[in-house]
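Enquirer: Here you go, start_30.tsv (TSV, C-alpha atoms):
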```tsv
chain	number	residue	atom	x	y	z
A	1	MET	CA	64.91	-30.14	170.30
A	2	SER	CA	63.51	-27.85	172.99
A	3	THR	CA	60.57	-25.66	172.02
A	4	GLU	CA	62.68	-22.58	172.79
A	5	LYS	CA	65.22	-23.64	170.19
A	6	MET	CA	62.44	-24.29	167.69
A	7	VAL	CA	61.06	-20.80	168.21
A	8	LYS	CA	64.48	-19.21	167.80
A	9	HIS	CA	65.41	-21.28	164.77
A	10	LEU	CA	63.02	-21.43	161.83
A	11	PRO	CA	63.46	-24.59	159.74
A	12	ASN	CA	65.58	-22.88	157.07
A	13	ASP	CA	67.82	-21.11	159.56
A	14	LEU	CA	70.54	-23.74	159.64
A	15	GLY	CA	73.68	-21.64	160.13
A	16	GLY	CA	75.85	-23.11	162.89
A	17	THR	CA	73.51	-25.97	163.78
A	18	GLY	CA	75.52	-28.77	162.15
A	19	CYS	CA	78.27	-31.02	163.41
A	20	SER	CA	81.33	-32.71	161.93
A	21	ASP	CA	79.70	-36.16	161.91
A	22	ASP	CA	77.33	-34.89	159.24
A	23	LYS	CA	79.73	-35.10	156.29
A	24	ILE	CA	79.09	-33.12	153.10
A	25	LYS	CA	78.07	-35.29	150.16
A	26	ILE	CA	80.24	-33.85	147.41
A	27	TYR	CA	79.08	-34.81	143.93
A	28	GLU	CA	78.04	-33.22	140.65
A	29	ARG	CA	74.90	-33.88	138.63
A	30	ASP	CA	72.90	-32.25	135.87
A	31	LEU	CA	69.43	-30.98	136.75
A	32	PHE	CA	66.45	-32.92	135.43
A	33	PRO	CA	64.69	-31.00	132.63
A	34	TRP	CA	61.68	-30.25	134.86
A	35	GLU	CA	63.99	-28.95	137.61
A	36	LYS	CA	65.56	-26.47	135.21
A	37	ARG	CA	62.09	-25.43	133.98
A	38	CYS	CA	61.00	-25.00	137.60
A	39	HIS	CA	64.06	-22.84	138.29
A	40	ALA	CA	63.37	-20.74	135.19
A	41	LEU	CA	59.67	-20.40	136.06
A	42	LEU	CA	60.48	-19.08	139.52
A	43	ASP	CA	63.01	-16.66	138.01
A	44	VAL	CA	60.30	-15.40	135.65
A	45	LEU	CA	57.81	-15.00	138.52
A	46	ASP	CA	60.48	-13.02	140.39
A	47	TYR	CA	61.16	-10.87	137.31
A	48	TYR	CA	57.47	-9.89	137.06
A	49	LYS	CA	57.36	-9.32	140.84
A	50	ILE	CA	54.65	-11.97	141.18
A	51	VAL	CA	56.62	-14.15	143.64
A	52	ASN	CA	60.00	-12.78	144.71
A	53	THR	CA	63.02	-14.78	145.92
A	54	GLU	CA	62.43	-14.06	149.59
A	55	GLU	CA	58.73	-14.99	149.36
A	56	LYS	CA	59.71	-18.24	147.67
A	57	ARG	CA	62.21	-19.03	150.44
A	58	ARG	CA	59.68	-18.23	153.13
A	59	GLY	CA	57.21	-20.43	151.28
A	60	THR	CA	59.58	-23.39	151.54
A	61	GLU	CA	59.76	-22.71	155.29
A	62	ASN	CA	55.98	-22.85	155.59
A	63	ILE	CA	55.93	-26.35	154.13
A	64	GLY	CA	56.79	-27.55	157.62
A	65	ALA	CA	59.80	-29.46	158.91
A	66	GLU	CA	58.36	-32.93	158.37
A	67	MET	CA	57.44	-32.39	154.73
A	68	ALA	CA	60.60	-30.38	154.11
A	69	THR	CA	62.83	-33.37	154.87
A	70	GLN	CA	60.88	-35.55	152.40
A	71	LEU	CA	60.75	-33.21	149.42
A	72	SER	CA	63.65	-32.51	147.09
A	73	TYR	CA	64.90	-28.97	146.51
A	74	TYR	CA	62.79	-28.18	143.44
A	75	GLU	CA	59.77	-30.08	144.79
A	76	LYS	CA	59.84	-27.60	147.67
A	77	TRP	CA	60.15	-24.68	145.24
A	78	ILE	CA	57.11	-25.60	143.20
A	79	VAL	CA	55.00	-26.33	146.31
A	80	SER	CA	56.11	-22.99	147.74
A	81	ALA	CA	55.24	-21.17	144.51
A	82	SER	CA	51.79	-22.73	144.26
A	83	ASN	CA	51.04	-21.93	147.92
A	84	ILE	CA	52.10	-18.30	147.53
A	85	LEU	CA	50.07	-17.92	144.32
A	86	LEU	CA	47.06	-19.29	146.23
A	87	GLN	CA	47.67	-16.97	149.20
A	88	LYS	CA	47.88	-13.98	146.90
A	89	GLY	CA	44.66	-14.98	145.19
A	90	ILE	CA	46.42	-15.18	141.79
A	91	LEU	CA	45.38	-18.82	141.41
A	92	SER	CA	42.46	-20.60	143.04
A	93	PRO	CA	42.47	-24.13	144.44
A	94	ASP	CA	39.94	-25.15	141.77
A	95	GLU	CA	42.11	-23.84	138.95
A	96	ILE	CA	45.11	-25.81	140.16
A	97	ALA	CA	43.02	-28.96	140.71
A	98	LEU	CA	41.47	-28.78	137.22
A	99	LYS	CA	44.76	-28.02	135.50
A	100	THR	CA	46.76	-30.75	137.26
A	101	LYS	CA	43.97	-33.20	136.31
A	102	GLU	CA	44.14	-32.08	132.68
A	103	VAL	CA	47.95	-32.30	132.57
A	104	SER	CA	48.05	-35.70	134.24
A	105	GLU	CA	45.52	-37.04	131.72
A	106	ARG	CA	47.58	-35.57	128.89
A	107	PHE	CA	50.57	-37.61	130.08
A	108	ASP	CA	48.41	-40.59	130.97
A	109	VAL	CA	49.48	-40.42	134.61
A	110	PRO	CA	46.82	-41.29	137.18
A	111	LEU	CA	46.48	-38.70	139.94
A	112	ASN	CA	45.49	-40.16	143.28
B	1	MET	CA	68.55	-48.71	124.98
B	2	ASN	CA	69.33	-50.75	121.88
B	3	ASN	CA	72.03	-53.32	122.60
B	4	ASP	CA	73.52	-52.78	119.15
B	5	GLN	CA	74.86	-49.47	120.40
B	6	ASN	CA	77.29	-51.32	122.65
B	7	HIS	CA	79.19	-53.15	119.93
B	8	PRO	CA	80.20	-51.90	116.52
B	9	HIS	CA	78.43	-53.25	113.48
B	10	LYS	CA	78.50	-52.43	109.79
B	11	HIS	CA	75.79	-50.16	108.48
B	12	ASP	CA	75.12	-52.14	105.30
B	13	HIS	CA	71.65	-53.23	106.31
B	14	PRO	CA	68.53	-51.15	106.66
B	15	HIS	CA	67.85	-50.17	110.23
B	16	ASP	CA	64.50	-50.16	111.86
B	17	HIS	CA	64.98	-46.86	113.61
B	18	THR	CA	62.19	-46.49	116.09
B	19	PRO	CA	61.37	-42.88	116.88
B	20	ILE	CA	62.72	-41.51	120.13
B	21	VAL	CA	59.94	-41.33	122.65
B	22	ASN	CA	60.10	-39.99	126.14
B	23	GLU	CA	58.96	-42.91	128.21
B	24	GLU	CA	59.49	-41.15	131.49
B	25	LYS	CA	56.13	-40.24	132.93
B	26	PRO	CA	56.12	-36.99	134.87
B	27	GLY	CA	55.70	-37.27	138.62
B	28	TYR	CA	53.31	-35.19	140.70
B	29	TYR	CA	55.68	-32.24	141.21
B	30	GLU	CA	56.54	-32.06	137.52
B	31	ILE	CA	52.81	-32.04	136.75
B	32	LEU	CA	52.43	-29.20	139.26
B	33	GLU	CA	55.27	-27.29	137.56
B	34	ILE	CA	53.66	-27.73	134.12
B	35	SER	CA	50.24	-26.76	135.49
B	36	ILE	CA	51.38	-23.56	137.18
B	37	ARG	CA	53.38	-22.47	134.12
B	38	GLU	CA	50.39	-23.07	131.83
B	39	LEU	CA	47.95	-21.31	134.18
B	40	MET	CA	50.20	-18.26	134.44
B	41	ILE	CA	50.48	-18.12	130.63
B	42	GLU	CA	46.70	-18.53	130.20
B	43	LYS	CA	46.12	-15.64	132.58
B	44	GLY	CA	48.54	-13.49	130.60
B	45	LEU	CA	50.74	-12.97	133.67
B	46	ILE	CA	53.80	-14.44	131.96
B	47	LYS	CA	54.51	-14.77	128.24
B	48	PRO	CA	54.53	-18.16	126.48
B	49	ASP	CA	58.27	-18.10	125.77
B	50	ASP	CA	59.48	-16.49	129.02
B	51	VAL	CA	60.48	-19.79	130.61
B	52	ARG	CA	62.30	-21.03	127.52
B	53	LYS	CA	64.17	-17.71	127.25
B	54	GLN	CA	65.13	-17.88	130.92
B	55	ILE	CA	66.47	-21.43	130.42
B	56	GLU	CA	68.64	-20.08	127.60
B	57	LEU	CA	69.91	-17.37	129.93
B	58	LEU	CA	70.62	-19.91	132.70
B	59	ASP	CA	72.46	-22.13	130.21
B	60	SER	CA	74.61	-19.18	129.11
B	61	ARG	CA	75.99	-18.72	132.64
B	62	SER	CA	78.84	-20.86	133.95
B	63	PRO	CA	82.07	-20.49	135.96
B	64	VAL	CA	83.78	-19.42	132.72
B	65	LEU	CA	82.45	-15.90	133.41
B	66	GLY	CA	83.77	-15.85	136.98
B	67	GLN	CA	87.13	-17.08	135.66
B	68	LYS	CA	87.35	-14.12	133.30
B	69	LEU	CA	86.67	-11.66	136.15
B	70	VAL	CA	89.29	-13.28	138.38
B	71	VAL	CA	92.02	-13.46	135.74
B	72	ARG	CA	91.41	-9.87	134.62
B	73	ALA	CA	91.65	-8.80	138.27
B	74	TRP	CA	94.92	-10.72	138.63
B	75	LEU	CA	96.38	-9.03	135.54
B	76	ASP	CA	94.92	-5.52	135.74
B	77	PRO	CA	95.25	-3.70	139.11
B	78	GLU	CA	92.87	-0.93	138.08
B	79	PHE	CA	90.17	-3.45	137.12
B	80	ARG	CA	90.82	-5.26	140.39
B	81	LYS	CA	90.03	-2.04	142.31
B	82	ARG	CA	86.83	-1.50	140.32
B	83	LEU	CA	85.77	-5.13	140.80
B	84	LEU	CA	86.23	-4.92	144.57
B	85	THR	CA	84.50	-1.53	144.79
B	86	ASN	CA	81.46	-2.34	142.66
B	87	GLY	CA	81.09	-5.93	141.46
B	88	VAL	CA	77.98	-5.24	139.39
B	89	ALA	CA	79.56	-2.38	137.41
B	90	ALA	CA	82.85	-4.26	136.87
B	91	ALA	CA	81.03	-7.37	135.64
B	92	GLU	CA	78.94	-5.26	133.27
B	93	GLU	CA	82.11	-3.65	131.98
B	94	MET	CA	83.11	-7.20	130.91
B	95	GLY	CA	79.72	-7.69	129.24
B	96	ILE	CA	78.34	-9.83	132.08
B	97	THR	CA	74.94	-8.62	133.31
B	98	ILE	CA	73.98	-9.44	136.89
B	99	TYR	CA	70.59	-10.44	135.54
B	100	ASP	CA	68.90	-11.24	138.85
B	101	ASP	CA	69.19	-7.65	140.05
B	102	THR	CA	71.17	-8.51	143.19
B	103	ALA	CA	74.11	-6.78	144.82
B	104	PHE	CA	77.29	-8.60	143.77
B	105	THR	CA	80.26	-8.26	146.10
B	106	VAL	CA	83.68	-9.74	145.37
B	107	LEU	CA	85.71	-10.88	148.39
B	108	GLU	CA	89.47	-10.46	148.10
B	109	ASP	CA	91.67	-13.20	149.52
B	110	THR	CA	94.99	-11.96	150.91
B	111	ILE	CA	98.04	-13.68	152.38
B	112	ASP	CA	96.40	-13.67	155.80
B	113	THR	CA	92.66	-13.97	154.99
B	114	HIS	CA	90.74	-16.68	153.14
B	115	HIS	CA	87.07	-16.26	152.17
B	116	MET	CA	84.34	-18.82	151.66
B	117	ILE	CA	80.69	-18.28	150.71
B	118	VAL	CA	77.52	-20.00	151.91
B	119	CYS	CA	73.80	-19.38	152.05
B	120	THR	CA	72.73	-20.64	155.47
B	121	LEU	CA	69.03	-19.93	154.78
B	122	CYS	CA	68.71	-21.55	151.37
B	123	SER	CA	70.80	-21.46	148.19
B	124	CYS	CA	71.64	-17.88	147.20
B	125	TYR	CA	74.64	-17.96	144.89
B	126	PRO	CA	76.32	-15.67	142.33
B	127	ARG	CA	74.43	-17.38	139.50
B	128	ALA	CA	75.15	-14.63	136.98
B	129	VAL	CA	78.88	-15.42	137.06
B	130	LEU	CA	79.00	-19.07	138.21
B	131	GLY	CA	75.79	-20.62	136.85
B	132	LEU	CA	73.55	-22.72	139.09
B	133	PRO	CA	75.02	-24.03	142.35
B	134	PRO	CA	76.03	-27.66	142.91
B	135	ASP	CA	73.80	-29.80	145.12
B	136	TRP	CA	76.26	-29.80	148.02
B	137	TYR	CA	76.13	-25.99	148.22
B	138	LYS	CA	72.36	-26.29	148.82
B	139	SER	CA	72.72	-29.19	151.26
B	140	LYS	CA	71.84	-29.06	154.94
B	141	GLN	CA	75.35	-30.28	155.79
B	142	TYR	CA	77.20	-27.45	154.05
B	143	ARG	CA	74.76	-24.76	155.14
B	144	SER	CA	74.66	-25.84	158.77
B	145	ARG	CA	78.40	-26.31	159.22
B	146	ALA	CA	80.17	-23.69	157.06
B	147	VAL	CA	79.89	-20.84	159.57
B	148	LYS	CA	80.61	-23.02	162.60
B	149	GLU	CA	83.58	-25.12	161.59
B	150	PRO	CA	84.90	-23.86	158.27
B	151	ARG	CA	88.26	-25.58	158.64
B	152	ALA	CA	86.61	-28.98	159.03
B	153	VAL	CA	84.38	-28.24	156.03
B	154	LEU	CA	87.36	-27.12	153.93
B	155	ALA	CA	89.25	-30.29	154.89
B	156	GLU	CA	86.42	-32.35	153.37
B	157	PHE	CA	87.17	-30.59	150.09
B	158	GLY	CA	90.85	-31.42	150.54
B	159	THR	CA	91.69	-27.83	151.47
B	160	ILE	CA	93.92	-27.26	154.47
B	161	VAL	CA	94.25	-23.63	155.55
B	162	SER	CA	96.99	-23.00	158.08
B	163	ASP	CA	95.96	-21.73	161.49
B	164	ASP	CA	97.62	-18.35	161.05
B	165	ILE	CA	95.29	-17.54	158.14
B	166	GLN	CA	91.93	-16.09	159.14
B	167	ILE	CA	88.89	-17.63	157.49
B	168	VAL	CA	85.97	-15.28	156.75
B	169	ILE	CA	82.59	-16.75	155.80
B	170	ASN	CA	80.09	-14.57	153.96
B	171	ASP	CA	76.43	-15.55	154.24
B	172	SER	CA	74.47	-14.74	151.07
B	173	THR	CA	70.91	-13.44	150.94
B	174	ALA	CA	68.18	-13.00	148.34
B	175	ASN	CA	69.59	-9.53	147.61
B	176	GLN	CA	73.30	-9.93	148.29
B	177	ARG	CA	75.56	-12.38	146.45
B	178	TYR	CA	79.28	-12.96	146.89
B	179	MET	CA	82.17	-14.44	144.92
B	180	VAL	CA	85.70	-15.09	146.11
B	181	LEU	CA	88.67	-13.51	144.35
B	182	PRO	CA	91.31	-16.10	145.18
B	183	LEU	CA	95.05	-15.45	145.48
B	184	ARG	CA	97.05	-15.86	142.33
B	185	PRO	CA	99.42	-18.77	142.96
B	186	ALA	CA	103.16	-18.11	143.07
B	187	GLY	CA	105.04	-19.36	140.03
B	188	THR	CA	102.42	-18.16	137.53
B	189	GLU	CA	104.18	-14.89	136.64
B	190	ASN	CA	104.72	-15.96	133.02
B	191	PHE	CA	101.37	-17.69	132.54
B	192	THR	CA	99.08	-16.74	129.66
B	193	GLU	CA	95.47	-15.75	130.31
B	194	GLU	CA	94.34	-19.21	129.24
B	195	GLN	CA	96.79	-20.89	131.60
B	196	LEU	CA	95.63	-18.68	134.45
B	197	GLU	CA	91.94	-19.32	133.68
B	198	ALA	CA	92.54	-23.05	133.94
B	199	LEU	CA	93.55	-22.56	137.59
B	200	VAL	CA	90.34	-20.74	138.49
B	201	THR	CA	87.64	-23.34	139.03
B	202	ARG	CA	84.12	-22.88	140.33
B	203	ASP	CA	85.13	-24.19	143.75
B	204	THR	CA	87.97	-21.66	144.07
B	205	MET	CA	85.41	-18.88	143.59
B	206	ILE	CA	83.13	-20.42	146.24
B	207	GLY	CA	86.24	-20.63	148.40
B	208	VAL	CA	86.17	-24.33	149.23
B	209	THR	CA	89.36	-24.91	147.27
B	210	ILE	CA	92.41	-22.78	146.43
B	211	PRO	CA	93.99	-22.38	142.96
B	212	HIS	CA	97.19	-24.36	142.78
B	213	LEU	CA	99.67	-25.55	140.19
B	214	ASN	CA	99.47	-29.24	139.38
```
What would you get if you wrote out this structure as structure tokens?
Expert:
Amino acid sequence: MSTEKMVKHLPNDLGGTGCSDDKIKIYERDLFPWEKRCHALLDVLDYYKIVNTEEKRRGTENIGAEMATQLSYYEKWIVSASNILLQKGILSPDEIALKTKEVSERFDVPLN
Amino acid sequence: MNNDQNHPHKHDHPHDHTPIVNEEKPGYYEILEISIRELMIEKGLIKPDDVRKQIELLDSRSPVLGQKLVVRAWLDPEFRKRLLTNGVAAAEEMGITIYDDTAFTVLEDTIDTHHMIVCTLCSCYPRAVLGLPPDWYKSKQYRSRAVKEPRAVLAEFGTIVSDDIQIVINDSTANQRYMVLPLRPAGTENFTEEQLEALVTRDTMIGVTIPHLN
């Protein structure tokens, strides 16, 4: 992709960029419990005007194109939310690091 | 899973019922979700049961609500006018709150215009009346192609729209959500409300399919 096209099209701005060879994968599935909790959490943050929908979307854009293709939909949401909460100074990097360590130990999951 | 569940057996012997344990270990992103929720609660920025309550609200929303709006609009011309003029007020009249505080616009299909909705930027969707969107609605393929080649996209859903019918695509945003009011199929003049509701599926209100008699 030319740099000009990259400047004009932010990663999320996909309208009209696709082609017929890229078939739509039509299927149904239930969300994983954590995905639904993640959705609800972001709704609650929007309700309290802590992180609104547009900030969350922009946050997924700031993850960068390379990461964005590797993360699932709700993985992007939670990364976006944590980044925006950091940017706004609502959470600090230390708080997130300590809490994720505590939670991972609670579930006996090693964090690398 | 216990193999016994796969073939019937008499329950005349005591079972050693082991307690159900969740053996799935959370991955990194789930741990991040739990951590952020707990930190926000500890800081008093959200309440301990806010997330659970929101899950209940999300679970209470499904295409059944959209169906009721569509069928009422098919049967009641005055309601139809109100629904097309102000979707939020008409939904609330039916007891359906547009809980995410977005504008809700209903798009009327006619004999010469078919509508279809998309969110090219992300996944905005009329969640208050349809529930959460399917994965394909959020996919790169649907988002990138819907506005460019809607007829090809519709064909992948088995929907063929003749060339003399205009297709209008509405692109949703964080503040503006759409739902399609499809055409009532011919031959349904004597249908009951329940029979009509059965024709109105989620995908007909997204506009990727069209209600039809089986």
Enquirer: One decimal, in Å: what's the spacing between CA of Glu156 (chain B) and CA of Asp21 (chain A)?
Expert: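 That distance, rounded to one decimal, is 11.5 Å.
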Enquirer: Please identify all polymer residues within 9 Å of region 197-199 of chain B, counting only C-alpha atoms, omitting same-chain residues fewer than 6 positions from it, and present them as a VMD selection string.
Expert: chain B and resid 64 67 to 68 70 to 71 184 to 185 210 to 213
Enquirer: Output the contact residues of chain B with respect to chain A at a cut-off of 7 Å, based on all atoms listed in the file, as a ChimeraX atom specification.
Expert: /B:25,29-33,35,37,50-51,54-55,120-122,134,136,141-145,147-148,174
Enquirer: For CA of Asn170 (chain B) and CA of Gly87 (chain B), determine how far apart the two atoms are, in Å to one decimal place.
Expert: 15.2 Å
Enquirer: Put a box with edges along x, y and z around all the listed atoms of region 119-126 of chain B, pad it by 8 Å on each side, then give me its centre and sizes in Å, one decimal, as lines of an AutoDock Vina configuration file.
Expert:
```
center_x = 72.5
center_y = -18.6
center_z = 148.9
size_x = 23.6
size_y = 21.9
size_z = 29.1
```
Enquirer: What does the distance between CA of Val180 (chain B) and CA of Asp203 (chain B) come to in Å, to one decimal place?
Expert: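 Separating CA of Val180 (chain B) from CA of Asp203 (chain B) is a distance of 9.4 Å.
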Enquirer: Within 12 Å of region 161-168 of chain B, counting only C-alpha atoms, which residues qualify if same-chain residues fewer than 3 places away don't, as a PyMOL selection string?
Expert: chain B and resi 107-118+146-158+171+180+207-210
